[in-house]
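A.B. asks: Following this message is one structure expressed as structure tokens.
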Amino acid sequence: MSSHYADHKKRDIVLFSLPYLAIYVAFLVFPVIYGVYLSFFDWNILSSKVFIGFKNYVEAFRDPEFLSSFSHTLQFVCISTPLIIIVGFVMALITIQPTRTGRVAETVFFLPYMLSTSVVGTLWAWIFQKNYGLANQVLKLLNLKPLGWLTDPSIAMTSIIIATLWWTAGFNMILFSAGMKQIPDEIYDAAKIDGAGSFTTLTKITLPLLKDTSLLVLILQVIASFKVFGQVYVMTGGGPYGTTRVLVQYVYKTGFNYFRLGYASAMSVILFLVILLISSLQFLRKPDQAQ
Amino acid sequence: MRKLLNILVKVLILCLIIIWLIPVVWLLVTSLKSENTVMTDKLSLIFTPTLENYKKAFSSTLLGRWLVNSLIVSVITTILTLLIDSTMAYVLARIQFRGRNVLFIFILAGMMIPFEVLIIQLYLELTKMGLANTLIAVMLPRLAMPIGVFILTQFFKSIPIVLEEAAFIDGASRFTVFRTIIMPLSKSALFAVAIISFINAWNDFLWPLVAISSSEKYTITVGIANFQGTHGTEYSLIMAGAVLASIPQIIMYILFKKNIVKSIAMTGIKE
């Protein structure tokens, strides 16, 4: 190595990493710290900041709107997660086949994931539209009573989950099929020679060997579901009567409609902690692999 | 019996494919119907298609402006992301120094930060910087992409170091080596990062919704979401807008399906 190369090492490190680090710190790391700081203040943008310790956090757990938003989010997470994962897995089983049907299926199943939240939201708002929407037209055709898909408090969340399932199942399909492709063909060949049927192969080979992938898919899916916002905002706006209002939306509303920035920050911190806790479950994988 | 089961499975698969296609078909069909046809109480699949809604979307709404805004945001975001992520990755992959591993972990930790919990603080920060309601505000927080640094670092490490050493002995600077050796060899990884960055930027919704307040500066996602407020029942117009808003992704999907799927598999696994 020339000395020229060593001479400029420090300068090069700074020049090469400064642009990234400056933006990373300014717009990702700093906001996290600033958010925690703000969460300890009562601040209404017009008034001056008043330090109130943990009062925002105490208030959150007494605020019926926060609690209901939290429970709607949990409801969304608990129902959508298993559904989306199972459908994604079935799709992967279909698309892993090296046939034309398999390839067509992959293209079709993944297509919705390419669309943006607001396109998916407006499309499904139209499908679920009360008078002329596709869903109710099909029900009428079958001589069934039309439903208030987005206006009936008891089914609005289900409608949002259906739209989300259609939108994101393809993502999990990709992760599952990537995992399946890593399973060596020899194992399947050996099973075939031993006379194992496709069901036995699935339960005794594919599923156990996909344990790591499944855990990853589960964690990613739970995190994504906790952050749900766009499709709800577009499809129901949190209604009817706040029955589909989710956490991110309540943070948004508290911050930008009520201008209670300290309180909104405290709720963001709570959501962050929940997500961090779930993300950290990934590290459970490591000791498992060592065995 | 076995044959019957096979046929049954095939039929079920076909049904699933059709069910997954119906919403997209419905989207296209609605966008090609006249407003009056949409409002009849029938599943009218037979109709005279019209491009009226598409014309109207451009002439009587700001959709054209929003598409341009989104294109500006996505293209610039992608280019800058590639630039800053790749130089950062080069440092992490190739230069030996104390604290490198700590720095690597510090950057990877960024993958654990959900963007959704930062909106209040980012809004305040960018307002203070005088950038509220600008497209720059939409782009800035999206440039540093930890997953991109991770993908590129791993890739750079896989490039044989011999090539660079030869260049260094010839007196080339690190920048020259980076530009003439590393970048050309990393096209596939750069492409993967570009795809992720572009799609993220184009589909971003919550942040532009917060950052932009005037309708002529909306990105297409925010504009489409607001259509319902302003064009409440003009469903065929709204669907035409939704189709137009999806054109870049559809083109990318047709051209680069394999790469997109690979990038998604990669981010999923690494995230």
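Order determines the names: the first chain of the structure tokens is A, the second B, and so forth; residues in each chain are numbered 1 upward, and ligands are numbered 1 upward as they are shown.
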Hey, what's within 10 Å of A:Thr107 if we count only C-alpha atoms and toss same-chain stuff fewer than 3 positions away? As a PyMOL selection string, please?
C.D. replies: (chain A and resi 95+101-104+110-112+170) or (chain B and resi 17+253-254+257-258+261)
A.B. asks: Find the residues around A:Phe89 up to 8 Å (only C-alpha atoms counted), leave out those fewer than 4 positions away in its own chain, and share them as a PyMOL selection string.
C.D. replies: chain A and resi 85+93+172-173+176
A.B. asks: Applying 9 Å and only C-alpha atoms, which residues near A:Gln249 remain after dropping the ones on its own chain fewer than 5 positions away? List them as an mmCIF file with N, CA and C atoms, in the first residue's frame.
C.D. replies:
```cif
data_model
loop_
_atom_site.group_PDB
_atom_site.id
_atom_site.type_symbol
_atom_site.label_atom_id
_atom_site.label_comp_id
_atom_site.auth_asym_id
_atom_site.auth_seq_id
_atom_site.Cartn_x
_atom_site.Cartn_y
_atom_site.Cartn_z
ATOM 1 N N SER A 69 -58.191 3.424 21.352
ATOM 2 C CA SER A 69 -57.326 3.337 20.172
ATOM 3 C C SER A 69 -56.345 2.183 20.314
ATOM 4 N N VAL A 228 -50.296 0.338 11.843
ATOM 5 C CA VAL A 228 -51.369 0.547 10.864
ATOM 6 C C VAL A 228 -51.905 1.974 10.941
ATOM 7 N N PHE A 229 -52.088 2.582 9.795
ATOM 8 C CA PHE A 229 -52.649 3.934 9.754
ATOM 9 C C PHE A 229 -53.338 4.244 8.421
ATOM 10 N N GLY A 230 -52.573 4.192 7.323
ATOM 11 C CA GLY A 230 -53.048 4.692 6.033
ATOM 12 C C GLY A 230 -54.397 4.157 5.600
ATOM 13 N N VAL A 232 -56.736 2.736 7.267
ATOM 14 C CA VAL A 232 -57.809 3.147 8.172
ATOM 15 C C VAL A 232 -58.184 4.603 7.903
ATOM 16 N N TYR A 233 -57.178 5.443 7.796
ATOM 17 C CA TYR A 233 -57.396 6.876 7.562
ATOM 18 C C TYR A 233 -58.214 7.091 6.304
ATOM 19 N N GLY A 237 -61.562 6.785 8.215
ATOM 20 C CA GLY A 237 -61.191 7.963 8.990
ATOM 21 C C GLY A 237 -61.274 7.704 10.492
ATOM 22 N N GLY A 238 -61.280 6.437 10.876
ATOM 23 C CA GLY A 238 -61.361 6.085 12.296
ATOM 24 C C GLY A 238 -62.783 5.768 12.737
ATOM 25 N N THR A 254 -54.078 14.007 18.043
ATOM 26 C CA THR A 254 -53.682 14.747 19.247
ATOM 27 C C THR A 254 -52.651 15.819 18.900
#
```
A.B. asks: How many Å separate atom CA of B:Phe156 from atom CA of B:Tyr90?
C.D. replies: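 Separating atom CA of B:Phe156 from atom CA of B:Tyr90 is a distance of 6.8 Å.
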A.B. asks: Env of B:Ile119: 12 Å cut, atoms = only C-alpha atoms, seq-sep filter 5 positions within chain, self excluded. Answer as a VMD selection string.
C.D. replies: (chain A and resid 27 to 28 31 to 32 34 to 35 248 to 249 251 to 256 261 264 to 265 267 to 269) or (chain B and resid 113 to 114 124 to 127 137 to 138 141 205 to 211)
A.B. asks: With N, CA and C atoms kept, could you save the residues just selected as a short mmCIF file (atom, residue, chain, number, x, y, z; two decimals), in the first residue's frame?
C.D. replies:
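So the final result, stored in part_26.cif, reads:
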```
data_model
loop_
_atom_site.label_atom_id
_atom_site.label_comp_id
_atom_site.auth_asym_id
_atom_site.auth_seq_id
_atom_site.Cartn_x
_atom_site.Cartn_y
_atom_site.Cartn_z
N PHE A 27 -32.35 13.29 11.41
CA PHE A 27 -33.74 12.97 11.12
C PHE A 27 -34.21 11.60 11.59
N LEU A 28 -33.34 10.88 12.27
CA LEU A 28 -33.78 9.59 12.80
C LEU A 28 -33.43 9.46 14.29
N PRO A 31 -34.79 12.88 16.45
CA PRO A 31 -36.23 12.88 16.74
C PRO A 31 -36.63 11.89 17.84
N VAL A 32 -35.92 10.77 17.93
CA VAL A 32 -36.24 9.81 18.98
C VAL A 32 -35.99 10.46 20.35
N TYR A 34 -35.61 13.69 21.03
CA TYR A 34 -36.47 14.87 21.17
C TYR A 34 -37.88 14.45 21.59
N GLY A 35 -38.35 13.34 21.04
CA GLY A 35 -39.68 12.85 21.38
C GLY A 35 -39.78 12.45 22.84
N VAL A 248 -51.71 5.18 15.81
CA VAL A 248 -51.00 6.21 15.04
C VAL A 248 -51.95 7.36 14.69
N GLN A 249 -53.20 7.00 14.41
CA GLN A 249 -54.17 8.03 14.07
C GLN A 249 -54.48 8.93 15.25
N VAL A 251 -52.43 9.57 17.72
CA VAL A 251 -51.24 10.42 17.89
C VAL A 251 -51.33 11.59 16.91
N TYR A 252 -51.65 11.29 15.67
CA TYR A 252 -51.77 12.30 14.61
C TYR A 252 -52.81 13.36 15.01
N LYS A 253 -53.96 12.88 15.47
CA LYS A 253 -55.06 13.76 15.84
C LYS A 253 -54.68 14.65 17.04
N THR A 254 -54.08 14.01 18.04
CA THR A 254 -53.68 14.75 19.25
C THR A 254 -52.65 15.82 18.90
N GLY A 255 -51.72 15.47 18.03
CA GLY A 255 -50.67 16.40 17.67
C GLY A 255 -51.13 17.51 16.73
N PHE A 256 -51.84 17.13 15.67
CA PHE A 256 -52.11 18.10 14.62
C PHE A 256 -53.53 18.66 14.61
N LEU A 261 -48.75 18.66 21.82
CA LEU A 261 -47.55 18.02 21.30
C LEU A 261 -46.85 17.15 22.33
N ALA A 264 -48.97 13.98 22.67
CA ALA A 264 -48.82 13.15 21.47
C ALA A 264 -47.45 12.45 21.48
N SER A 265 -46.41 13.17 21.92
CA SER A 265 -45.08 12.56 21.99
C SER A 265 -45.05 11.40 22.98
N MET A 267 -47.45 9.45 23.79
CA MET A 267 -48.11 8.29 23.19
C MET A 267 -47.23 7.65 22.13
N SER A 268 -46.47 8.49 21.38
CA SER A 268 -45.52 7.94 20.40
C SER A 268 -44.48 7.09 21.11
N VAL A 269 -44.00 7.58 22.26
CA VAL A 269 -42.99 6.83 23.01
C VAL A 269 -43.55 5.48 23.44
N ILE B 113 -36.15 1.68 14.47
CA ILE B 113 -36.95 2.88 14.72
C ILE B 113 -38.12 2.94 13.74
N PRO B 114 -39.35 2.82 14.25
CA PRO B 114 -40.49 2.95 13.34
C PRO B 114 -40.74 4.42 13.03
N LEU B 124 -42.00 19.36 13.95
CA LEU B 124 -41.49 20.52 14.68
C LEU B 124 -40.11 20.90 14.19
N GLU B 125 -39.26 19.88 14.00
CA GLU B 125 -37.88 20.12 13.58
C GLU B 125 -37.83 20.80 12.21
N LEU B 126 -38.58 20.26 11.26
CA LEU B 126 -38.53 20.81 9.91
C LEU B 126 -39.22 22.17 9.82
N THR B 127 -40.20 22.41 10.68
CA THR B 127 -40.82 23.73 10.73
C THR B 127 -39.81 24.74 11.21
N ALA B 137 -38.80 18.89 2.69
CA ALA B 137 -39.18 18.31 3.98
C ALA B 137 -39.67 16.88 3.81
N VAL B 138 -40.34 16.61 2.69
CA VAL B 138 -40.82 15.25 2.44
C VAL B 138 -39.64 14.29 2.24
N PRO B 141 -36.09 13.32 5.65
CA PRO B 141 -36.07 12.24 6.65
C PRO B 141 -36.01 10.84 6.03
N PHE B 205 -46.95 7.74 2.79
CA PHE B 205 -48.23 8.43 2.95
C PHE B 205 -48.28 9.32 4.19
N LEU B 206 -48.02 8.72 5.35
CA LEU B 206 -48.18 9.45 6.61
C LEU B 206 -47.31 10.71 6.66
N TRP B 207 -46.03 10.57 6.31
CA TRP B 207 -45.13 11.71 6.44
C TRP B 207 -45.48 12.88 5.49
N PRO B 208 -45.69 12.62 4.18
CA PRO B 208 -46.13 13.76 3.34
C PRO B 208 -47.46 14.35 3.79
N LEU B 209 -48.32 13.52 4.33
CA LEU B 209 -49.61 14.02 4.85
C LEU B 209 -49.37 15.04 5.96
N VAL B 210 -48.37 14.77 6.80
CA VAL B 210 -48.04 15.66 7.91
C VAL B 210 -47.27 16.88 7.41
N ALA B 211 -46.30 16.63 6.52
CA ALA B 211 -45.35 17.69 6.15
C ALA B 211 -45.95 18.73 5.20
#
```
A.B. asks: Could you tell me how far atom CA of B:Ile147 sits from atom CA of B:Asp204, in Å to one decimal place?
C.D. replies: 16.5 Å
A.B. asks: Of the candidates A:Ile270, A:Leu46, A:Val90, A:Ile174, which shows the shortest atom-to-atom distance to chain B, using only C-alpha atoms?
C.D. replies: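 Of the candidates, the smallest distance to chain B is held by A:Ile174.
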A.B. asks: Identify all residues of stretch 55-237 of chain A in alpha helix (DSSP H) (DSSP on the backbone) and supply them as number ranges by chain.
C.D. replies: A: 55-60, 64-95, 100-114, 117-127, 134-141, 156-181, 185-193, 198-201, 207-209, 211-226, 230-235
A.B. asks: Keeping only C-alpha atoms, take the residues you just selected and write them out as a compact mmCIF listing (two decimals), in the first residue's frame.
C.D. replies:
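Resulting contents of result_32.txt:
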```
# COMPACT_ATOMS: atom_id res chain seq x y z
CA LYS A 55 -48.07 13.13 33.90
CA ASN A 56 -48.59 12.63 30.14
CA TYR A 57 -47.98 8.91 30.57
CA VAL A 58 -50.35 8.75 33.54
CA GLU A 59 -52.95 10.60 31.53
CA ALA A 60 -52.60 8.21 28.57
CA PRO A 64 -60.55 6.49 27.27
CA GLU A 65 -59.75 7.58 23.70
CA PHE A 66 -56.15 6.40 24.00
CA LEU A 67 -57.22 3.14 25.61
CA SER A 68 -59.83 2.49 22.94
CA SER A 69 -57.33 3.34 20.17
CA PHE A 70 -54.87 0.94 21.79
CA SER A 71 -57.47 -1.80 21.97
CA HIS A 72 -58.53 -1.28 18.34
CA THR A 73 -54.90 -1.57 17.34
CA LEU A 74 -54.53 -4.74 19.39
CA GLN A 75 -57.71 -6.10 17.85
CA PHE A 76 -56.31 -5.37 14.39
CA VAL A 77 -52.97 -6.99 15.28
CA CYS A 78 -54.52 -10.12 16.78
CA ILE A 79 -56.96 -10.80 13.94
CA SER A 80 -54.94 -9.67 10.93
CA THR A 81 -51.60 -11.24 11.86
CA PRO A 82 -52.56 -14.95 11.82
CA LEU A 83 -54.79 -14.43 8.77
CA ILE A 84 -52.16 -12.67 6.69
CA ILE A 85 -49.45 -15.14 7.71
CA ILE A 86 -51.51 -18.25 6.94
CA VAL A 87 -52.70 -16.90 3.60
CA GLY A 88 -49.13 -15.83 2.78
CA PHE A 89 -47.91 -19.33 3.60
CA VAL A 90 -50.53 -21.01 1.43
CA MET A 91 -49.63 -18.63 -1.39
CA ALA A 92 -45.98 -19.57 -1.03
CA LEU A 93 -46.88 -23.26 -1.30
CA ILE A 94 -48.74 -22.48 -4.52
CA THR A 95 -46.12 -20.23 -6.08
CA ARG A 100 -46.95 -21.81 -15.22
CA THR A 101 -49.79 -21.61 -12.71
CA GLY A 102 -47.17 -21.08 -10.00
CA ARG A 103 -45.58 -18.20 -11.85
CA VAL A 104 -48.91 -16.56 -12.72
CA ALA A 105 -50.04 -16.95 -9.12
CA GLU A 106 -46.88 -15.27 -7.83
CA THR A 107 -47.38 -12.30 -10.14
CA VAL A 108 -51.01 -11.92 -9.13
CA PHE A 109 -50.56 -12.44 -5.38
CA PHE A 110 -47.71 -9.97 -5.10
CA LEU A 111 -49.27 -7.28 -7.33
CA PRO A 112 -51.37 -5.58 -4.59
CA TYR A 113 -48.28 -5.05 -2.44
CA MET A 114 -46.92 -2.74 -5.15
CA THR A 117 -51.79 2.63 0.96
CA SER A 118 -53.98 5.39 -0.36
CA VAL A 119 -54.72 3.56 -3.61
CA VAL A 120 -55.56 0.40 -1.67
CA GLY A 121 -57.66 2.44 0.75
CA THR A 122 -59.67 4.29 -1.91
CA LEU A 123 -60.15 1.11 -3.96
CA TRP A 124 -61.54 -0.84 -0.99
CA ALA A 125 -63.61 2.11 0.19
CA TRP A 126 -65.26 1.93 -3.23
CA ILE A 127 -65.63 -1.88 -3.14
CA LEU A 134 -68.97 -4.43 -5.50
CA ALA A 135 -69.32 -6.23 -2.16
CA ASN A 136 -72.96 -5.27 -1.68
CA GLN A 137 -73.82 -5.82 -5.34
CA VAL A 138 -72.56 -9.38 -5.01
CA LEU A 139 -74.60 -9.84 -1.83
CA LYS A 140 -77.72 -8.56 -3.58
CA LEU A 141 -77.07 -10.91 -6.49
CA ALA A 156 -65.91 -1.89 9.92
CA MET A 157 -62.67 -3.25 11.41
CA THR A 158 -63.21 -6.58 9.65
CA SER A 159 -63.54 -4.74 6.34
CA ILE A 160 -60.25 -2.96 6.97
CA ILE A 161 -58.63 -6.30 7.80
CA ILE A 162 -59.92 -7.82 4.54
CA ALA A 163 -58.40 -4.94 2.56
CA THR A 164 -55.11 -5.30 4.44
CA LEU A 165 -55.05 -9.05 3.86
CA TRP A 166 -55.45 -8.51 0.13
CA TRP A 167 -52.76 -5.84 0.17
CA THR A 168 -49.98 -7.48 2.21
CA ALA A 169 -50.35 -11.29 2.07
CA GLY A 170 -48.05 -11.26 -0.97
CA PHE A 171 -45.23 -9.78 1.09
CA ASN A 172 -45.28 -12.72 3.51
CA MET A 173 -45.57 -15.08 0.57
CA ILE A 174 -42.23 -13.78 -0.72
CA LEU A 175 -40.53 -14.28 2.64
CA PHE A 176 -41.94 -17.78 3.00
CA SER A 177 -41.01 -18.85 -0.50
CA ALA A 178 -37.49 -17.44 -0.01
CA GLY A 179 -37.28 -19.64 3.09
CA MET A 180 -38.67 -22.65 1.24
CA LYS A 181 -36.13 -22.26 -1.57
CA ASP A 185 -34.07 -30.60 -2.72
CA GLU A 186 -32.27 -33.72 -1.46
CA ILE A 187 -34.41 -33.71 1.68
CA TYR A 188 -37.59 -33.76 -0.38
CA ASP A 189 -36.15 -36.41 -2.72
CA ALA A 190 -35.28 -38.60 0.24
CA ALA A 191 -38.77 -38.19 1.65
CA LYS A 192 -40.27 -39.16 -1.69
CA ILE A 193 -38.16 -42.31 -1.83
CA SER A 198 -47.39 -34.33 0.35
CA PHE A 199 -49.12 -33.76 3.70
CA THR A 200 -46.40 -35.60 5.63
CA THR A 201 -43.74 -33.69 3.70
CA LEU A 207 -42.90 -26.51 8.49
CA PRO A 208 -40.12 -27.49 10.94
CA LEU A 209 -37.41 -26.19 8.60
CA LYS A 211 -39.20 -22.17 11.98
CA ASP A 212 -36.78 -19.26 11.66
CA THR A 213 -38.56 -17.76 8.67
CA SER A 214 -41.90 -18.08 10.43
CA LEU A 215 -40.65 -16.28 13.54
CA LEU A 216 -39.28 -13.50 11.36
CA VAL A 217 -42.52 -13.21 9.38
CA LEU A 218 -44.49 -13.16 12.63
CA ILE A 219 -42.40 -10.37 14.15
CA LEU A 220 -42.39 -8.24 10.98
CA GLN A 221 -46.13 -8.71 10.61
CA VAL A 222 -46.94 -7.81 14.22
CA ILE A 223 -44.77 -4.69 13.98
CA ALA A 224 -46.35 -3.65 10.69
CA SER A 225 -49.83 -4.20 12.13
CA PHE A 226 -49.08 -2.07 15.20
CA GLY A 230 -53.05 4.69 6.03
CA GLN A 231 -55.79 2.27 5.06
CA VAL A 232 -57.81 3.15 8.17
CA TYR A 233 -57.40 6.88 7.56
CA VAL A 234 -58.58 6.54 3.98
CA MET A 235 -61.30 3.91 4.40
```
